[in-house]
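Peer 1: Let me give you the structure first, and then I'll get to my questions.
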Amino acid sequence: MNFKIGILGLAFLLLTGASASAAPGAPEMMQEMQVDLNQDGVKETVTVLGSSVYENSKFRMNLELRIKDGATQKISKTKVGNAGYEVILETVEVTGESPLEILVSVATGANKGVRDFQLFTWGEKGIKPLFTSENQPVLDIKGTLIPHFQGALTEQSSGAQFYLDVQAGKERYVKEQVYNKDGVMKSKIQIQVDSLPLIALQAVDKDGDGTQELLSTQELLESSSRIAKMTALWKYQDKKWVLQRIDSDQPISFQKKKIETAK
């Protein structure tokens, strides 16, 4: 899940006061861990490196993931992003196969709290991604506000339809003349998921079968205003991320129950 970083890097510079140097420097270690990925009794070295471009800044470009096999010392490499800072590395077990998978999280500087998440497998054929542009654990929600301070929404990939209670924004909606105080609509507002989709992604074993699922968190926006935080549970099945459940920090009720709410 990569973003175009040029503008984001400039924004980061403006925020941090860092200055640009002429060209990228040599790759520097941003994060490293030692873990036995293939459970052969010898630990692998997992490293994310990036090249320094800006003086007095932790911001790095040309990010690369390297895995050194503990037994053979063979090094596998792959790109993990154009730019970012504050890398988090962790192992997960979402495919149910050995070796373990590697979840890489990178702060991009695009927006507070937003991170770029990528997931990789590693083996004899090197490092392979488990996220692609066509197959990601990301909700695609569209809809409109409707009378009585509600949103009528559809998650596009699953077809799940649900109502979202937006009473928390009642005062603002009345002030902006979206509704009157009785919940009667005065205008039609589109609702969509924030274009910077993920603010959190964690591995959990909700069903206790020994294989983890991914729990994603996104923000739902109306215009540029946050109206809810959406969470979703995803299971890796038949080489695809399958949506298991949708929940929210605001009350929701489902009409087309392809997806259940959290118990």
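Lettering and numbering for the structure tokens are positional, with chains as A, B, ... in the shown order, residues counted from 1 in each chain, and ligands counted from 1 in the shown order.
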Just the residues within 8 Å of Leu65 (chain A), please, counting only C-alpha atoms, with nothing from its chain fewer than 5 positions along; format it as JSON, numbers by chain.
Peer 2: {"A": [46, 47, 48, 49, 77, 78, 79, 80]}
Peer 1: Write the residues you've just listed into a file as an mmCIF file, in the first residue's frame, and include all heavy atoms for each of them.
Peer 2:
data_model
loop_
_atom_site.group_PDB
_atom_site.id
_atom_site.type_symbol
_atom_site.label_atom_id
_atom_site.label_comp_id
_atom_site.auth_asym_id
_atom_site.auth_seq_id
_atom_site.Cartn_x
_atom_site.Cartn_y
_atom_site.Cartn_z
ATOM 1 N N VAL A 46 16.275 -9.472 9.836
ATOM 2 C CA VAL A 46 15.310 -8.725 9.024
ATOM 3 C C VAL A 46 15.580 -7.237 9.222
ATOM 4 O O VAL A 46 15.557 -6.741 10.353
ATOM 5 C CB VAL A 46 13.865 -9.067 9.432
ATOM 6 C CG1 VAL A 46 12.870 -8.314 8.550
ATOM 7 C CG2 VAL A 46 13.628 -10.569 9.376
ATOM 8 N N THR A 47 15.846 -6.532 8.123
ATOM 9 C CA THR A 47 16.272 -5.134 8.204
ATOM 10 C C THR A 47 15.511 -4.282 7.201
ATOM 11 O O THR A 47 15.249 -4.714 6.079
ATOM 12 C CB THR A 47 17.781 -5.003 7.901
ATOM 13 O OG1 THR A 47 18.503 -5.958 8.676
ATOM 14 C CG2 THR A 47 18.279 -3.604 8.208
ATOM 15 N N VAL A 48 15.144 -3.061 7.615
ATOM 16 C CA VAL A 48 14.645 -2.049 6.679
ATOM 17 C C VAL A 48 15.669 -0.925 6.625
ATOM 18 O O VAL A 48 16.092 -0.406 7.664
ATOM 19 C CB VAL A 48 13.272 -1.495 7.091
ATOM 20 C CG1 VAL A 48 12.875 -0.311 6.196
ATOM 21 C CG2 VAL A 48 12.210 -2.590 7.015
ATOM 22 N N LEU A 49 16.100 -0.589 5.401
ATOM 23 C CA LEU A 49 17.082 0.471 5.189
ATOM 24 C C LEU A 49 16.471 1.580 4.350
ATOM 25 O O LEU A 49 15.539 1.364 3.572
ATOM 26 C CB LEU A 49 18.325 -0.070 4.482
ATOM 27 C CG LEU A 49 19.083 -1.191 5.182
ATOM 28 C CD1 LEU A 49 18.691 -2.526 4.568
ATOM 29 C CD2 LEU A 49 20.578 -0.993 5.091
ATOM 30 N N LYS A 77 16.088 -9.237 -1.079
ATOM 31 C CA LYS A 77 15.761 -7.820 -0.992
ATOM 32 C C LYS A 77 14.459 -7.522 -1.731
ATOM 33 O O LYS A 77 14.121 -8.178 -2.708
ATOM 34 C CB LYS A 77 16.873 -6.960 -1.617
ATOM 35 C CG LYS A 77 18.262 -7.177 -1.061
ATOM 36 C CD LYS A 77 19.268 -6.331 -1.827
ATOM 37 C CE LYS A 77 20.692 -6.557 -1.340
ATOM 38 N NZ LYS A 77 21.657 -5.729 -2.107
ATOM 39 N N THR A 78 13.756 -6.479 -1.260
ATOM 40 C CA THR A 78 12.602 -5.964 -1.988
ATOM 41 C C THR A 78 12.325 -4.530 -1.540
ATOM 42 O O THR A 78 12.659 -4.141 -0.417
ATOM 43 C CB THR A 78 11.340 -6.827 -1.768
ATOM 44 O OG1 THR A 78 10.326 -6.435 -2.706
ATOM 45 C CG2 THR A 78 10.778 -6.646 -0.360
ATOM 46 N N LYS A 79 11.722 -3.751 -2.397
ATOM 47 C CA LYS A 79 11.365 -2.365 -2.071
ATOM 48 C C LYS A 79 10.148 -2.354 -1.159
ATOM 49 O O LYS A 79 9.210 -3.133 -1.343
ATOM 50 C CB LYS A 79 11.073 -1.594 -3.351
ATOM 51 C CG LYS A 79 10.808 -0.117 -3.161
ATOM 52 C CD LYS A 79 10.612 0.578 -4.507
ATOM 53 C CE LYS A 79 10.354 2.067 -4.325
ATOM 54 N NZ LYS A 79 10.161 2.758 -5.631
ATOM 55 N N VAL A 80 10.147 -1.454 -0.167
ATOM 56 C CA VAL A 80 9.005 -1.353 0.744
ATOM 57 C C VAL A 80 8.404 0.048 0.774
ATOM 58 O O VAL A 80 7.572 0.339 1.625
ATOM 59 C CB VAL A 80 9.370 -1.784 2.182
ATOM 60 C CG1 VAL A 80 9.629 -3.265 2.241
ATOM 61 C CG2 VAL A 80 10.546 -1.014 2.723
#
Peer 1: Could you give me, as an MDAnalysis selection string, the residues within 6 Å of region 131-142 of chain A, counting only C-alpha atoms and dropping anything in the same chain fewer than 6 positions from it?
Peer 2: chainID A and resid 153:156 191:193
Peer 1: Take the residues that were just selected and, keeping N, CA, C and O atoms, output them as a short mmCIF file (atom, residue, chain, number, x, y, z; two decimals), in the first residue's frame.
Peer 2:
data_model
loop_
_atom_site.label_atom_id
_atom_site.label_comp_id
_atom_site.auth_asym_id
_atom_site.auth_seq_id
_atom_site.Cartn_x
_atom_site.Cartn_y
_atom_site.Cartn_z
N LEU A 153 -25.08 3.28 3.89
CA LEU A 153 -23.76 2.96 3.34
C LEU A 153 -23.70 1.57 2.75
O LEU A 153 -24.44 0.67 3.16
N THR A 154 -22.81 1.39 1.79
CA THR A 154 -22.55 0.08 1.19
C THR A 154 -21.05 -0.14 1.11
O THR A 154 -20.31 0.72 0.63
N GLU A 155 -20.59 -1.30 1.59
CA GLU A 155 -19.21 -1.70 1.40
C GLU A 155 -19.14 -2.39 0.04
O GLU A 155 -19.77 -3.41 -0.19
N GLN A 156 -18.36 -1.79 -0.87
CA GLN A 156 -18.45 -2.14 -2.28
C GLN A 156 -18.00 -3.57 -2.59
O GLN A 156 -18.62 -4.26 -3.41
N ILE A 191 -20.82 10.33 1.48
CA ILE A 191 -19.93 9.81 2.51
C ILE A 191 -18.97 8.83 1.85
O ILE A 191 -19.38 8.00 1.05
N GLN A 192 -17.70 8.91 2.18
CA GLN A 192 -16.74 7.95 1.66
C GLN A 192 -15.59 7.76 2.64
O GLN A 192 -15.39 8.57 3.54
N VAL A 193 -14.88 6.65 2.46
CA VAL A 193 -13.73 6.38 3.31
C VAL A 193 -12.60 7.33 2.97
O VAL A 193 -12.42 7.71 1.82
#
Peer 1: Between A:Ile102, A:Val114, A:Met30, A:Leu215, single out the one closest to Trp234 (chain A), counting only C-alpha atoms.
Peer 2: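 Selected residue with least distance to Trp234 (chain A): A:Leu215.
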Peer 1: Tell me, as an NGL selection string, which residues lie within 7 Å of Leu130 (chain A), counting only C-alpha atoms; anything in the same chain fewer than 6 positions away does not count.
Peer 2: :A and (119-121)
Peer 1: Could you pull the residues within 8 Å of region 165-176 of chain A, counting only C-alpha atoms, minus those fewer than 2 positions along the same chain, as a list of chain:residue names?
Peer 2: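 Non-adjacent residues within range: A:Phe149, A:Gln150, A:Gly151, A:Tyr163, A:Val178, A:Tyr179, A:Asn180, A:Lys181, A:Ile227, A:Gln250, A:Pro251, A:Ile252.
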Peer 1: Save out the residues we just selected, all heavy atoms, as a compact mmCIF listing (two decimals), in the first residue's frame.
Peer 2:
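Result file follows (selection01.txt):
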# COMPACT_ATOMS: atom_id res chain seq x y z
N PHE A 149 -30.64 11.78 10.93
CA PHE A 149 -29.23 11.73 11.33
C PHE A 149 -28.64 10.32 11.18
O PHE A 149 -28.11 9.73 12.11
CB PHE A 149 -29.07 12.21 12.78
CG PHE A 149 -29.53 13.62 12.99
CD1 PHE A 149 -30.75 13.88 13.59
CD2 PHE A 149 -28.75 14.69 12.56
CE1 PHE A 149 -31.19 15.20 13.79
CE2 PHE A 149 -29.18 16.00 12.76
CZ PHE A 149 -30.41 16.25 13.36
N GLN A 150 -28.76 9.82 9.95
CA GLN A 150 -28.21 8.52 9.63
C GLN A 150 -27.45 8.58 8.31
O GLN A 150 -27.69 9.46 7.48
CB GLN A 150 -29.32 7.46 9.50
CG GLN A 150 -30.02 7.12 10.79
CD GLN A 150 -30.94 5.94 10.59
OE1 GLN A 150 -30.58 4.79 10.85
NE2 GLN A 150 -32.12 6.20 10.09
N GLY A 151 -26.54 7.63 8.12
CA GLY A 151 -25.90 7.43 6.84
C GLY A 151 -26.31 6.07 6.29
O GLY A 151 -26.33 5.08 7.04
N TYR A 163 -26.72 0.96 8.04
CA TYR A 163 -26.99 2.32 8.49
C TYR A 163 -25.98 2.70 9.57
O TYR A 163 -25.66 1.89 10.44
CB TYR A 163 -28.40 2.46 9.04
CG TYR A 163 -29.50 2.27 8.02
CD1 TYR A 163 -30.57 1.41 8.28
CD2 TYR A 163 -29.47 2.97 6.82
CE1 TYR A 163 -31.58 1.24 7.35
CE2 TYR A 163 -30.49 2.80 5.89
CZ TYR A 163 -31.53 1.93 6.16
OH TYR A 163 -32.52 1.77 5.23
N VAL A 178 -27.39 21.05 7.05
CA VAL A 178 -27.52 19.75 6.40
C VAL A 178 -28.84 19.12 6.84
O VAL A 178 -29.57 18.53 6.03
CB VAL A 178 -26.35 18.82 6.76
CG1 VAL A 178 -26.52 17.44 6.16
CG2 VAL A 178 -25.03 19.44 6.31
N TYR A 179 -29.15 19.23 8.14
CA TYR A 179 -30.43 18.81 8.71
C TYR A 179 -31.04 19.99 9.47
O TYR A 179 -30.33 20.92 9.87
CB TYR A 179 -30.23 17.70 9.75
CG TYR A 179 -29.74 16.36 9.25
CD1 TYR A 179 -28.38 16.06 9.26
CD2 TYR A 179 -30.64 15.40 8.81
CE1 TYR A 179 -27.93 14.81 8.84
CE2 TYR A 179 -30.21 14.15 8.39
CZ TYR A 179 -28.85 13.87 8.40
OH TYR A 179 -28.41 12.64 7.99
N ASN A 180 -32.37 19.91 9.70
CA ASN A 180 -32.94 20.79 10.72
C ASN A 180 -32.88 20.04 12.05
O ASN A 180 -32.45 18.88 12.10
CB ASN A 180 -34.35 21.24 10.35
CG ASN A 180 -35.38 20.11 10.40
OD1 ASN A 180 -35.14 19.04 10.96
ND2 ASN A 180 -36.54 20.34 9.80
N LYS A 181 -33.31 20.66 13.12
CA LYS A 181 -33.16 20.06 14.45
C LYS A 181 -33.98 18.78 14.62
O LYS A 181 -33.72 17.98 15.53
CB LYS A 181 -33.54 21.07 15.53
CG LYS A 181 -34.96 21.56 15.48
CD LYS A 181 -35.21 22.59 16.57
CE LYS A 181 -36.62 23.14 16.53
NZ LYS A 181 -37.65 22.09 16.74
N ILE A 227 -16.47 11.27 10.65
CA ILE A 227 -17.74 10.97 11.31
C ILE A 227 -17.72 9.63 12.04
O ILE A 227 -18.57 9.37 12.89
CB ILE A 227 -18.93 11.00 10.33
CG1 ILE A 227 -18.75 9.97 9.21
CG2 ILE A 227 -19.11 12.40 9.76
CD1 ILE A 227 -19.98 9.83 8.35
N GLN A 250 -19.23 4.12 16.11
CA GLN A 250 -20.57 4.69 16.16
C GLN A 250 -21.58 3.57 15.91
O GLN A 250 -21.26 2.56 15.26
CB GLN A 250 -20.73 5.79 15.09
CG GLN A 250 -19.76 6.95 15.23
CD GLN A 250 -19.89 7.67 16.55
OE1 GLN A 250 -21.00 7.94 17.01
NE2 GLN A 250 -18.76 8.00 17.16
N PRO A 251 -22.82 3.71 16.41
CA PRO A 251 -23.81 2.63 16.23
C PRO A 251 -24.09 2.33 14.76
O PRO A 251 -24.25 3.25 13.94
CB PRO A 251 -25.07 3.21 16.91
CG PRO A 251 -24.55 4.20 17.90
CD PRO A 251 -23.34 4.81 17.25
N ILE A 252 -24.11 1.04 14.40
CA ILE A 252 -24.44 0.63 13.03
C ILE A 252 -25.45 -0.51 13.07
O ILE A 252 -25.51 -1.27 14.03
CB ILE A 252 -23.19 0.19 12.24
CG1 ILE A 252 -22.43 -0.93 12.96
CG2 ILE A 252 -22.28 1.36 11.96
CD1 ILE A 252 -21.26 -1.46 12.16
